[in-house]
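Source file: run-v1.cif (mmCIF, C-alpha atoms)
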data_upload
#
loop_
_atom_site.label_atom_id
_atom_site.label_comp_id
_atom_site.auth_asym_id
_atom_site.auth_seq_id
_atom_site.Cartn_x
_atom_site.Cartn_y
_atom_site.Cartn_z
CA MET A 12 -201.12 -32.25 143.86
CA ILE A 13 -200.69 -28.51 143.51
CA ALA A 14 -198.65 -28.97 140.35
CA ASN A 15 -201.39 -31.14 138.81
CA TRP A 16 -204.01 -28.51 139.66
CA GLN A 17 -201.88 -25.78 138.09
CA ARG A 18 -201.51 -27.80 134.88
CA HIS A 19 -205.26 -28.43 134.83
CA VAL A 20 -206.01 -24.73 135.28
CA ARG A 21 -203.63 -23.75 132.47
CA SER A 22 -205.15 -26.25 130.04
CA SER A 23 -208.85 -25.77 130.87
CA PRO A 24 -210.65 -22.43 130.31
CA ARG A 25 -213.49 -23.59 132.56
CA ALA A 26 -211.04 -24.25 135.41
CA GLN A 27 -209.50 -20.82 134.87
CA ASP A 28 -212.88 -19.10 135.07
CA THR A 29 -213.84 -21.06 138.22
CA THR A 30 -210.58 -20.20 139.95
CA THR A 31 -210.95 -16.52 139.00
CA ALA A 32 -214.53 -16.43 140.32
CA LEU A 33 -213.54 -17.99 143.66
CA LEU A 34 -210.62 -15.58 144.13
CA LEU A 35 -212.78 -12.57 143.26
CA PHE A 36 -215.49 -13.70 145.70
CA ALA A 37 -212.87 -13.93 148.44
CA VAL A 38 -211.88 -10.33 147.69
CA SER A 39 -215.17 -8.67 146.70
CA PHE A 40 -217.32 -9.98 149.57
CA PRO A 41 -215.21 -8.40 152.36
CA GLY A 42 -214.90 -5.23 150.27
CA SER A 43 -218.68 -4.99 149.91
CA LEU A 44 -219.26 -5.02 153.70
CA TYR A 45 -217.95 -1.50 154.19
CA VAL A 46 -220.76 1.05 154.48
CA ALA A 47 -219.91 4.75 154.62
CA THR A 48 -221.21 6.86 157.45
CA GLY A 49 -223.93 9.33 156.59
CA SER A 50 -225.64 7.06 154.05
CA PRO A 51 -229.41 7.61 153.87
CA GLY A 52 -231.64 4.78 155.06
CA PRO A 53 -230.87 1.82 157.37
CA ALA A 54 -227.76 -0.28 156.83
CA ALA A 55 -228.25 -3.35 154.66
CA PRO A 56 -227.64 -6.77 156.26
CA TRP A 57 -224.37 -8.51 155.54
CA TRP A 58 -225.94 -11.43 153.69
CA THR A 59 -227.06 -9.11 150.90
CA ALA A 60 -223.42 -8.28 150.23
CA ALA A 61 -222.61 -11.98 150.10
CA LEU A 62 -225.50 -12.61 147.71
CA LEU A 63 -224.52 -9.77 145.39
CA SER A 64 -220.88 -10.88 145.36
CA CYS A 65 -221.96 -14.45 144.63
CA VAL A 66 -224.13 -13.32 141.70
CA SER A 67 -221.32 -11.20 140.26
CA CYS A 68 -218.71 -13.92 140.53
CA THR A 69 -221.05 -16.61 139.19
CA ALA A 70 -221.74 -14.45 136.12
CA LEU A 71 -218.04 -14.61 135.29
CA LEU A 72 -218.28 -18.37 134.69
CA PHE A 73 -219.83 -17.74 131.25
CA HIS A 74 -218.16 -14.44 130.30
CA ARG A 75 -216.33 -16.11 127.37
CA ASP A 76 -219.49 -17.17 125.53
CA HIS A 77 -221.87 -14.44 126.77
CA PRO A 78 -219.82 -11.34 127.63
CA ARG A 79 -222.81 -8.96 127.46
CA ALA A 80 -224.92 -11.05 129.83
CA ALA A 81 -222.02 -11.31 132.29
CA LEU A 82 -221.53 -7.54 132.09
CA ALA A 83 -225.23 -6.91 132.69
CA LEU A 84 -225.35 -9.13 135.82
CA THR A 85 -222.18 -7.69 137.35
CA THR A 86 -223.40 -4.15 136.63
CA ALA A 87 -226.77 -4.87 138.27
CA ALA A 88 -225.01 -6.26 141.34
CA ALA A 89 -222.71 -3.23 141.61
CA VAL A 90 -225.58 -0.75 141.21
CA THR A 91 -227.65 -2.59 143.84
CA SER A 92 -224.71 -2.57 146.24
CA ALA A 93 -224.23 1.18 145.73
CA ALA A 94 -227.97 1.79 146.24
CA GLN A 95 -227.70 0.08 149.64
CA GLY A 96 -225.16 2.67 150.74
CA ARG A 97 -222.03 0.61 150.28
CA LEU A 98 -218.91 2.23 148.92
CA LEU A 99 -217.81 1.32 145.39
CA THR A 100 -214.16 0.42 145.81
CA VAL A 101 -211.76 -1.50 143.63
CA LEU A 102 -212.41 -4.58 145.80
CA SER A 103 -216.18 -4.54 145.50
CA LEU A 104 -216.01 -3.72 141.77
CA GLY A 105 -213.55 -6.54 141.01
CA PRO A 106 -216.10 -8.82 139.24
CA LEU A 107 -217.45 -5.87 137.23
CA MET A 108 -213.94 -4.87 136.12
CA VAL A 109 -213.20 -8.43 134.94
CA ALA A 110 -216.50 -8.49 133.04
CA LEU A 111 -215.68 -5.13 131.41
CA TYR A 112 -212.25 -6.41 130.35
CA SER A 113 -213.76 -9.55 128.83
CA PHE A 114 -216.47 -7.53 127.06
CA ALA A 115 -213.95 -5.10 125.53
CA LEU A 116 -211.69 -8.00 124.53
CA ARG A 117 -214.43 -9.90 122.67
CA THR A 118 -216.45 -7.03 121.14
CA GLU A 119 -215.18 -5.63 117.86
CA HIS A 120 -217.94 -3.06 117.24
CA ASN A 121 -216.67 0.24 118.64
CA ALA A 122 -220.12 1.88 118.88
CA LEU A 123 -221.57 -1.06 120.81
CA ARG A 124 -218.58 -1.17 123.12
CA ARG A 125 -218.74 2.56 123.85
CA SER A 126 -222.49 2.53 124.49
CA TYR A 127 -222.22 -0.31 127.03
CA VAL A 128 -219.22 1.17 128.83
CA PHE A 129 -220.63 4.69 129.09
CA GLY A 130 -223.98 3.26 130.16
CA VAL A 131 -222.33 1.33 133.01
CA ALA A 132 -220.35 4.39 134.11
CA ALA A 133 -223.47 6.57 134.03
CA LEU A 134 -225.46 4.07 136.13
CA LEU A 135 -222.75 3.81 138.77
CA MET A 136 -222.19 7.59 139.00
CA THR A 137 -225.93 8.32 139.18
CA THR A 138 -226.44 5.73 141.92
CA GLU A 139 -223.51 7.11 143.91
CA VAL A 140 -224.80 10.66 143.64
CA VAL A 141 -228.36 9.71 144.65
CA ALA A 142 -227.78 6.99 147.25
CA GLY A 143 -224.25 7.75 148.43
CA PRO A 144 -223.24 9.59 151.61
CA ALA A 145 -224.20 13.24 151.55
CA ASP A 146 -220.88 14.37 153.03
CA ARG A 147 -218.81 12.60 150.39
CA PRO A 148 -217.22 14.92 147.78
CA LEU A 149 -218.92 14.92 144.36
CA ASP A 150 -215.71 14.20 142.49
CA LEU A 151 -215.21 10.96 144.44
CA LYS A 152 -218.76 9.91 143.58
CA THR A 153 -218.19 10.48 139.85
CA VAL A 154 -214.49 10.26 138.97
CA GLY A 155 -213.84 7.14 141.07
CA PRO A 156 -216.49 4.86 139.52
CA ALA A 157 -215.77 6.19 136.02
CA ALA A 158 -212.05 5.43 136.41
CA TRP A 159 -212.67 1.85 137.60
CA VAL A 160 -214.93 1.32 134.57
CA LEU A 161 -212.71 2.88 131.92
CA MET A 162 -209.41 1.29 132.96
CA PRO A 163 -210.35 -2.40 132.33
CA THR A 164 -212.17 -1.37 129.16
CA ALA A 165 -209.08 0.36 127.80
CA LEU A 166 -206.91 -2.61 128.77
CA GLY A 167 -209.24 -5.09 127.04
CA SER A 168 -209.36 -2.95 123.89
CA ALA A 169 -205.58 -2.70 123.82
CA VAL A 170 -205.16 -6.48 124.17
CA ARG A 171 -207.75 -7.07 121.42
CA LEU A 172 -205.95 -4.68 119.06
CA ARG A 173 -202.64 -6.32 119.87
CA ARG A 174 -204.01 -9.77 119.06
CA ALA A 175 -205.56 -8.48 115.83
CA TYR A 176 -202.23 -6.94 114.85
CA LEU A 177 -200.35 -10.17 115.52
CA ASP A 178 -202.94 -12.15 113.54
CA ALA A 179 -202.60 -9.74 110.63
CA VAL A 180 -198.80 -9.98 110.72
CA ARG A 181 -199.02 -13.78 110.80
CA ALA A 182 -201.50 -13.78 107.90
CA ARG A 183 -199.26 -11.45 105.85
CA ALA A 184 -196.27 -13.67 106.54
CA GLU A 185 -198.15 -16.78 105.42
CA HIS A 186 -199.41 -14.97 102.32
CA ALA A 187 -195.91 -13.74 101.52
CA GLU A 188 -194.57 -17.27 101.89
CA ARG A 189 -197.22 -18.67 99.55
CA THR A 190 -196.64 -15.84 97.08
CA ARG A 191 -192.88 -16.39 97.23
CA GLU A 192 -193.31 -20.09 96.46
CA GLU A 193 -195.68 -19.32 93.57
CA GLU A 194 -193.28 -16.69 92.23
CA ALA A 195 -190.38 -19.14 92.45
CA ARG A 196 -192.35 -21.78 90.55
CA ARG A 197 -193.36 -19.23 87.92
CA ARG A 198 -189.79 -18.06 87.45
CA VAL A 199 -188.56 -21.64 87.12
CA ALA A 200 -191.20 -22.32 84.46
CA GLU A 201 -190.31 -19.12 82.57
CA GLU A 202 -186.61 -19.96 82.77
CA ARG A 203 -187.24 -23.43 81.37
CA LEU A 204 -189.18 -21.93 78.47
CA ARG A 205 -186.46 -19.35 77.84
CA ILE A 206 -183.71 -21.98 77.79
CA ALA A 207 -185.81 -24.19 75.50
CA ARG A 208 -186.31 -21.27 73.09
CA GLU A 209 -182.62 -20.41 73.07
CA LEU A 210 -181.50 -23.97 72.41
CA HIS A 211 -184.17 -24.42 69.75
CA ASP A 212 -183.26 -21.20 67.95
CA VAL A 213 -179.55 -21.92 68.10
CA THR A 214 -179.68 -25.49 66.87
CA ALA A 215 -182.72 -25.54 64.57
CA GLN A 216 -181.34 -23.24 61.87
CA HIS A 217 -177.93 -24.90 61.64
CA LEU A 218 -179.31 -28.42 61.75
CA ALA A 219 -181.89 -27.56 59.09
CA LEU A 220 -179.15 -26.09 56.90
CA ALA A 221 -176.95 -29.10 57.50
CA ASN A 222 -179.84 -31.37 56.57
CA ALA A 223 -180.50 -29.38 53.37
CA GLN A 224 -176.80 -29.33 52.47
CA ALA A 225 -176.59 -33.07 53.03
CA GLY A 226 -179.49 -33.58 50.63
CA THR A 227 -177.86 -31.28 48.09
CA LEU A 228 -174.58 -33.17 48.48
CA ALA A 229 -176.29 -36.50 47.79
CA HIS A 230 -177.89 -35.00 44.67
CA LEU A 231 -174.63 -33.51 43.35
CA LEU A 232 -172.72 -36.72 43.82
CA ARG A 233 -174.87 -38.24 41.10
CA GLY A 234 -174.76 -35.45 38.53
CA GLN A 235 -172.28 -32.66 39.41
CA PRO A 236 -169.39 -34.09 41.41
CA ASP A 237 -167.27 -30.99 40.75
CA GLN A 238 -169.43 -28.95 43.16
CA VAL A 239 -169.20 -31.47 45.98
CA HIS A 240 -166.16 -29.79 47.57
CA LYS A 241 -168.00 -26.46 47.90
CA ILE A 242 -171.02 -28.11 49.54
CA LEU A 243 -168.74 -30.02 51.89
CA ALA A 244 -167.04 -26.77 52.86
CA ASP A 245 -170.43 -25.15 53.46
CA LEU A 246 -171.51 -28.14 55.53
CA ALA A 247 -168.37 -27.91 57.67
CA THR A 248 -168.97 -24.18 58.10
CA THR A 249 -172.56 -24.79 59.15
CA THR A 250 -171.69 -27.42 61.75
CA SER A 251 -168.86 -25.26 63.12
CA ALA A 252 -171.22 -22.30 63.43
CA ALA A 253 -173.73 -24.50 65.20
CA LEU A 254 -171.11 -25.58 67.73
CA ARG A 255 -169.98 -21.97 68.26
CA GLU A 256 -173.51 -20.68 68.82
CA LEU A 257 -174.36 -23.57 71.10
CA LYS A 258 -171.25 -22.86 73.17
CA ALA A 259 -172.09 -19.15 73.22
CA THR A 260 -175.65 -19.84 74.37
CA VAL A 261 -174.50 -22.17 77.13
CA GLY A 262 -172.00 -19.50 78.16
CA LEU A 263 -174.74 -16.89 78.35
CA LEU A 264 -176.90 -19.18 80.44
CA ARG A 265 -174.02 -19.90 82.81
CA HIS A 266 -172.73 -16.33 83.14
CA GLU A 267 -175.84 -14.25 82.62
CA ASP A 268 -176.19 -13.18 86.26
CA THR A 269 -172.52 -12.33 86.78
CA GLU A 270 -171.20 -8.81 86.40
CA ASP A 271 -167.83 -9.79 84.94
CA THR A 272 -167.56 -9.87 81.16
CA GLU A 273 -164.64 -12.31 81.34
CA ASP A 274 -165.15 -16.00 82.11
CA THR A 275 -162.96 -18.01 84.42
CA GLU A 276 -160.52 -18.82 81.62
CA GLY A 277 -160.07 -15.20 80.58
CA VAL A 278 -162.24 -15.48 77.45
CA SER A 279 -164.71 -12.69 76.76
CA ALA A 280 -168.33 -13.60 77.30
CA PRO A 281 -170.17 -14.01 73.98
CA THR A 282 -172.53 -11.34 72.77
CA ALA A 283 -176.09 -12.08 71.70
CA PRO A 284 -176.80 -11.86 67.96
CA GLY A 285 -178.92 -9.07 66.49
CA LEU A 286 -180.03 -7.54 63.20
CA ALA A 287 -176.43 -6.47 62.53
CA ARG A 288 -175.75 -10.12 61.69
CA LEU A 289 -178.71 -10.39 59.34
CA ALA A 290 -176.53 -10.35 56.20
CA GLY A 291 -174.52 -13.34 57.37
CA LEU A 292 -177.69 -15.15 58.33
CA THR A 293 -179.31 -14.74 54.92
CA ALA A 294 -176.08 -15.72 53.13
CA SER A 295 -175.98 -19.02 55.01
CA PHE A 296 -179.23 -20.11 53.34
CA ARG A 297 -177.89 -19.82 49.77
CA SER A 298 -176.16 -23.21 49.94
CA ALA A 299 -179.56 -24.71 50.78
CA GLY A 300 -181.05 -23.30 47.56
CA LEU A 301 -182.97 -20.42 49.16
CA ASP A 302 -182.42 -16.91 47.79
CA VAL A 303 -183.19 -14.36 50.54
CA THR A 304 -183.62 -10.63 49.86
CA VAL A 305 -183.71 -8.02 52.60
CA SER A 306 -185.44 -4.64 52.27
CA THR A 307 -185.64 -1.79 54.76
CA GLU A 308 -188.30 0.92 54.93
CA GLY A 309 -188.06 4.01 57.08
CA GLU A 310 -185.08 5.20 59.06
CA PRO A 311 -183.45 2.37 61.02
CA ARG A 312 -183.62 2.97 64.74
CA GLN A 313 -181.81 1.52 67.71
CA LEU A 314 -183.53 -1.46 69.31
CA THR A 315 -183.20 -2.59 72.88
CA PRO A 316 -180.90 -5.64 73.26
CA ALA A 317 -183.89 -7.88 73.97
CA ALA A 318 -185.85 -6.60 70.95
CA ASP A 319 -182.76 -6.85 68.72
CA LEU A 320 -182.21 -10.48 69.70
CA THR A 321 -185.93 -11.20 69.28
CA ALA A 322 -185.99 -9.74 65.76
CA PHE A 323 -182.94 -11.78 64.73
CA ARG A 324 -184.34 -15.01 66.17
CA ILE A 325 -187.72 -14.49 64.46
CA VAL A 326 -186.04 -14.00 61.07
CA GLN A 327 -183.80 -16.98 61.72
CA GLU A 328 -186.66 -19.27 62.69
CA ALA A 329 -188.92 -18.10 59.86
CA LEU A 330 -186.22 -18.74 57.23
CA THR A 331 -185.46 -22.10 58.83
CA ASN A 332 -189.11 -23.05 58.53
CA VAL A 333 -189.06 -22.09 54.85
CA THR A 334 -186.06 -24.35 54.33
CA LYS A 335 -187.59 -27.26 56.24
CA HIS A 336 -191.22 -27.13 55.23
CA ALA A 337 -191.65 -25.11 52.00
CA ALA A 338 -190.66 -25.83 48.41
CA ALA A 339 -189.71 -22.22 47.71
CA ARG A 340 -186.98 -20.59 45.65
CA THR A 341 -187.01 -17.19 47.28
CA ALA A 342 -187.87 -15.54 50.56
CA ARG A 343 -188.20 -11.86 51.40
CA VAL A 344 -187.35 -10.16 54.67
CA ARG A 345 -188.87 -6.69 55.14
CA LEU A 346 -187.97 -4.34 57.97
CA ALA A 347 -190.35 -1.36 58.31
CA TYR A 348 -189.42 1.24 60.95
CA SER A 349 -191.94 3.74 62.33
CA HIS A 350 -191.71 6.17 65.22
CA ASP A 351 -192.63 3.58 67.87
CA ARG A 352 -192.34 0.09 66.38
CA LEU A 353 -190.55 -2.21 63.98
CA THR A 354 -192.71 -4.29 61.65
CA LEU A 355 -190.80 -7.37 60.55
CA THR A 356 -192.13 -9.54 57.74
CA VAL A 357 -190.70 -12.82 56.40
CA ALA A 358 -192.52 -14.30 53.40
CA ASP A 359 -191.78 -16.99 50.83
CA ASP A 360 -193.19 -17.33 47.31
CA GLY A 361 -194.56 -20.81 47.86
CA GLY A 362 -193.14 -21.99 44.52
CA THR A 363 -191.63 -25.34 43.57
CA LEU A 364 -187.93 -25.93 43.22
CA ARG A 365 -187.65 -27.60 39.83
CA SER A 366 -183.89 -27.64 39.45
CA ALA A 367 -182.90 -27.88 43.08
CA PRO A 368 -182.17 -31.23 44.70
CA PRO A 369 -184.73 -32.82 47.03
CA ILE A 370 -184.36 -31.97 50.69
CA PRO A 371 -184.75 -34.78 53.21
CA PRO A 372 -187.56 -34.19 55.70
CA VAL A 373 -186.60 -33.03 59.16
CA PRO A 374 -188.21 -35.11 61.92
CA GLY A 375 -189.93 -33.48 64.83
CA GLY A 376 -190.79 -29.80 64.95
CA GLY A 377 -193.87 -27.91 65.97
CA PHE A 378 -192.23 -25.44 68.39
CA GLY A 379 -191.04 -22.82 65.91
CA LEU A 380 -194.19 -20.69 65.73
CA ILE A 381 -194.78 -21.11 69.47
CA GLY A 382 -191.27 -19.90 70.23
CA MET A 383 -191.60 -16.90 67.89
CA ARG A 384 -194.86 -15.83 69.51
CA GLU A 385 -193.38 -16.19 72.98
CA ARG A 386 -190.34 -14.14 71.98
CA ALA A 387 -192.48 -11.35 70.52
CA GLN A 388 -194.67 -11.33 73.60
CA SER A 389 -191.66 -11.20 75.95
CA VAL A 390 -190.66 -7.77 74.57
CA GLY A 391 -194.21 -6.39 74.43
CA GLY A 392 -194.88 -7.19 70.76
CA ARG A 393 -197.12 -9.52 68.83
CA LEU A 394 -196.77 -11.95 65.95
CA ARG A 395 -199.06 -13.30 63.25
CA ALA A 396 -198.27 -16.22 60.98
CA GLY A 397 -200.27 -17.90 58.26
CA PRO A 398 -200.65 -18.61 54.53
CA ARG A 399 -200.55 -15.70 52.08
CA PRO A 400 -203.52 -15.06 49.77
CA GLY A 401 -201.32 -15.39 46.68
CA GLY A 402 -199.53 -18.49 47.89
CA GLY A 403 -196.69 -19.10 50.26
CA PHE A 404 -196.42 -18.38 53.97
CA GLU A 405 -195.86 -15.15 55.87
CA VAL A 406 -194.64 -14.34 59.36
CA ARG A 407 -195.35 -10.78 60.56
CA ALA A 408 -194.06 -9.43 63.88
CA GLU A 409 -194.55 -6.01 65.44
CA LEU A 410 -191.96 -5.04 68.04
CA PRO A 411 -192.05 -1.77 70.04
CA LEU A 412 -189.06 0.57 69.90
CA GLY A 413 -187.32 2.79 72.43
CA GLU A 414 -189.17 3.84 75.59
CA ALA A 415 -192.37 2.25 74.32
CA ALA A 416 -190.64 -1.14 74.35
CA LEU A 417 -189.44 -0.70 77.92
CA THR A 418 -192.84 0.54 79.15
CA ILE A 419 -194.84 -2.25 77.52
CA ARG A 420 -192.38 -4.92 78.62
CA GLU A 421 -192.36 -3.71 82.25
CA THR A 422 -196.17 -3.62 82.23
CA ALA A 423 -196.36 -7.13 80.82
CA LEU A 424 -193.90 -8.45 83.41
CA ALA A 425 -195.77 -6.75 86.25
CA ILE A 426 -199.11 -8.18 85.16
CA ARG A 427 -197.71 -11.66 84.58
CA SER A 428 -196.20 -11.64 88.08
CA ARG A 429 -199.69 -11.52 89.59
CA PRO A 430 -201.18 -14.97 90.24
CA GLY A 431 -203.75 -15.81 87.57
CA ALA A 432 -203.16 -12.61 85.60
CA LYS A 433 -203.29 -12.48 81.81
CA PRO A 434 -200.91 -10.53 79.59
CA PRO A 435 -202.05 -7.11 78.35
CA SER A 436 -203.74 -6.86 74.99
CA ALA A 437 -200.72 -5.16 73.41
CA ALA A 438 -198.59 -8.16 74.25
CA ARG A 439 -201.16 -10.88 73.55
CA PRO A 440 -200.16 -13.05 70.61
CA SER A 441 -202.44 -13.43 67.63
CA SER A 442 -204.64 -16.46 67.39
CA THR A 443 -203.53 -17.19 63.83
#
How does this structure look as structure tokens?
Amino acid sequence: MIANWQRHVRSSPRAQDTTTALLLFAVSFPGSLYVATGSPGPAAPWWTAALLSCVSCTALLFHRDHPRAALALTTAAAVTSAAQGRLLTVLSLGPLMVALYSFALRTEHNALRRSYVFGVAALLMTTEVVAGPADRPLDLKTVGPAAWVLMPTALGSAVRLRRAYLDAVRARAEHAERTREEEARRRVAEERLRIARELHDVTAQHLALANAQAGTLAHLLRGQPDQVHKILADLATTTSAALRELKATVGLLRHEDTEDTEDTEGVSAPTAPGLARLAGLTASFRSAGLDVTVSTEGEPRQLTPAADLTAFRIVQEALTNVTKHAAARTARVRLAYSHDRLTLTVADDGGTLRSAPPIPPVPGGGFGLIGMRERAQSVGGRLRAGPRPGGGFEVRAELPLGEAALTIRETALAIRSRPGAKPPSAARPSST
């Protein structure tokens, strides 16, 4: 029976308040019967103490929903009891102290809380000074009531602040968990895009060259069989290079996060290509009938590894697109260095190959320009691509150099890491 009542009290706030009120009445009523000697006026009858204690304890039944009303009733009962000459002790002030604790716990406005608490303390001290025993020391009439008022108020405020702190910690933890999940999803999406770009850039150029060389081989078999062996050798070289680069890219993806430069079989990890390999890249397009010239303006400057790889991949993809989609004899690659950026331009003449063999169409496509823009944006640059006024097609990329590249790239990464953020204008790709 007792165990069932305890479980009911723990689970029901109304039962808790009723039990508290009954216990406080059993304590406050006997404590209110004590009247100090020397009090002015006749002694109040005992039933008034019982009535005041009953009012105070009944007010506690609705202190959760109406803490100010409960505080007002318990304060009025305590002041009336003190005006009748009764001593204000911790027993008689029990209901008022519980009401003060509940009020401080449920009131967030500091000014309102202070005004109520100081008002209650002032009422009790004034009543004690006016209606209390004349022979009682003044400090007991003032310090005692003020202490019994301030202690439950301070305890309620401390509990409220503790609960607010725990709620804030819980909210921050939930927010951090959501942010961590969003960041993980964003990183997975970026990694998928990066892998797709790498595989596209590695395979597209070699497959396009192999396709062009196969078309040239079919054409030479009909009219110039003596040049077939050279084209076959170039085709074998192209496919071998494709396999090597594919293996190197897979190796980079597998070992990128490791600190060792040697793989498990003792072979050095492959290095990413850069503009230093531009001559070999342009030479590989000659067998496909595309004459590529490279010009440099300004003093060449050192690029960051990411910018160097980006510049090489943009040139590679742009020349591959010329081979796949344009009937052009020549293409020009222009590297213009300034104090803070590299301007890279790849343009074809848009002409028609009259003496060159037909090149079979390459199925698929459509990701070349997207990948180039994403690469330029990843290092804080921008890219424009479109037809030239005089004919042909032009790809123009601007990549930052040195500290400017690092600053812009870090800013872009920081902004992109925020949920719903857009890249900065310096890194936003052109709409062309």
Going by the chain IDs and residue numbers used in this file, which residues fall under the PyMOL selection byres ((chain A and resi 406) around 8)? Write them as a ChimeraX atom specification.
/A:329,356-358,394-397,404-405,407-408
Residue members of the PyMOL selection byres ((chain A and resi 306-310) around 12) in the file shown, as a ChimeraX atom specification:
/A:286,289-290,303-305,311-313,342-357
One decimal place gives the atom CA of A:Ala287-atom CA of A:Arg203 separation as 27.6 Å
For A:Val160, work out the shell of residues within 12 Å, counting all atoms listed in the file and skipping chain neighbours fewer than 3 positions away, then give it as a PyMOL selection string.
chain A and resi 82+85-86+89+99-101+104-112+114-115+125+127-136+153-157+163-167
What gap, in Å, lies between atom CA of A:Leu172 and atom CA of A:Arg75?
17.5 Å
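Across the structure, atom CA of A:Ala225 and atom CA of A:Leu243 are spaced 8.5 Å apart.
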As AutoDock Vina command-line options, what would the box around stretch 170-184 of chain A look like: edges along x, y and z, 4 Å added on every side, centre and edge lengths in Å to one decimal?
--center_x -202.0 --center_y -9.2 --center_z 115.0 --size_x 19.5 --size_y 17.1 --size_z 26.3
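Among the candidates A:Gly361, A:Ala87, A:Leu71, A:Arg97, the one nearest to A:Trp57 when counting only C-alpha atoms is A:Arg97.
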Would you kindly translate the PyMOL selection byres ((chain A and resi 316-323) around 10) into the concrete residues it picks from this file, as a compact mmCIF listing (two decimals) with C-alpha atoms, in the frame of the given file?
# COMPACT_ATOMS: atom_id res chain seq x y z
CA ASP A 212 -183.26 -21.20 67.95
CA ALA A 283 -176.09 -12.08 71.70
CA PRO A 284 -176.80 -11.86 67.96
CA GLY A 285 -178.92 -9.07 66.49
CA LEU A 286 -180.03 -7.54 63.20
CA ALA A 287 -176.43 -6.47 62.53
CA ARG A 288 -175.75 -10.12 61.69
CA LEU A 289 -178.71 -10.39 59.34
CA LEU A 292 -177.69 -15.15 58.33
CA GLN A 313 -181.81 1.52 67.71
CA LEU A 314 -183.53 -1.46 69.31
CA THR A 315 -183.20 -2.59 72.88
CA ARG A 324 -184.34 -15.01 66.17
CA ILE A 325 -187.72 -14.49 64.46
CA VAL A 326 -186.04 -14.00 61.07
CA GLN A 327 -183.80 -16.98 61.72
CA GLU A 328 -186.66 -19.27 62.69
CA ALA A 329 -188.92 -18.10 59.86
CA LEU A 346 -187.97 -4.34 57.97
CA LEU A 353 -190.55 -2.21 63.98
CA THR A 354 -192.71 -4.29 61.65
CA LEU A 355 -190.80 -7.37 60.55
CA MET A 383 -191.60 -16.90 67.89
CA GLU A 385 -193.38 -16.19 72.98
CA ARG A 386 -190.34 -14.14 71.98
CA ALA A 387 -192.48 -11.35 70.52
CA GLN A 388 -194.67 -11.33 73.60
CA SER A 389 -191.66 -11.20 75.95
CA VAL A 390 -190.66 -7.77 74.57
CA GLY A 391 -194.21 -6.39 74.43
CA GLY A 392 -194.88 -7.19 70.76
CA ALA A 408 -194.06 -9.43 63.88
CA GLU A 409 -194.55 -6.01 65.44
CA LEU A 410 -191.96 -5.04 68.04
CA PRO A 411 -192.05 -1.77 70.04
CA LEU A 412 -189.06 0.57 69.90
CA GLY A 413 -187.32 2.79 72.43
CA ALA A 416 -190.64 -1.14 74.35
CA LEU A 417 -189.44 -0.70 77.92
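Distances from A:Ala158, A:Leu218, A:Val180, A:Ile381 to A:Leu254 were compared using all atoms listed in the file, and the smallest one belongs to A:Leu218.
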Name the closest residue to A:Ala247 among the candidates A:Cys65, A:Ala221, A:Leu116, A:Ala207; distances are taken between atoms, counting only C-alpha atoms.
A:Ala221
Residues within 9 Å of A:Pro41, all atoms listed in the file, excluding chain neighbours under 4 positions, as a list in words:
Phe36, Ala37, Tyr45, Ala60, Ala61, Leu102 and Ser103 of chain A
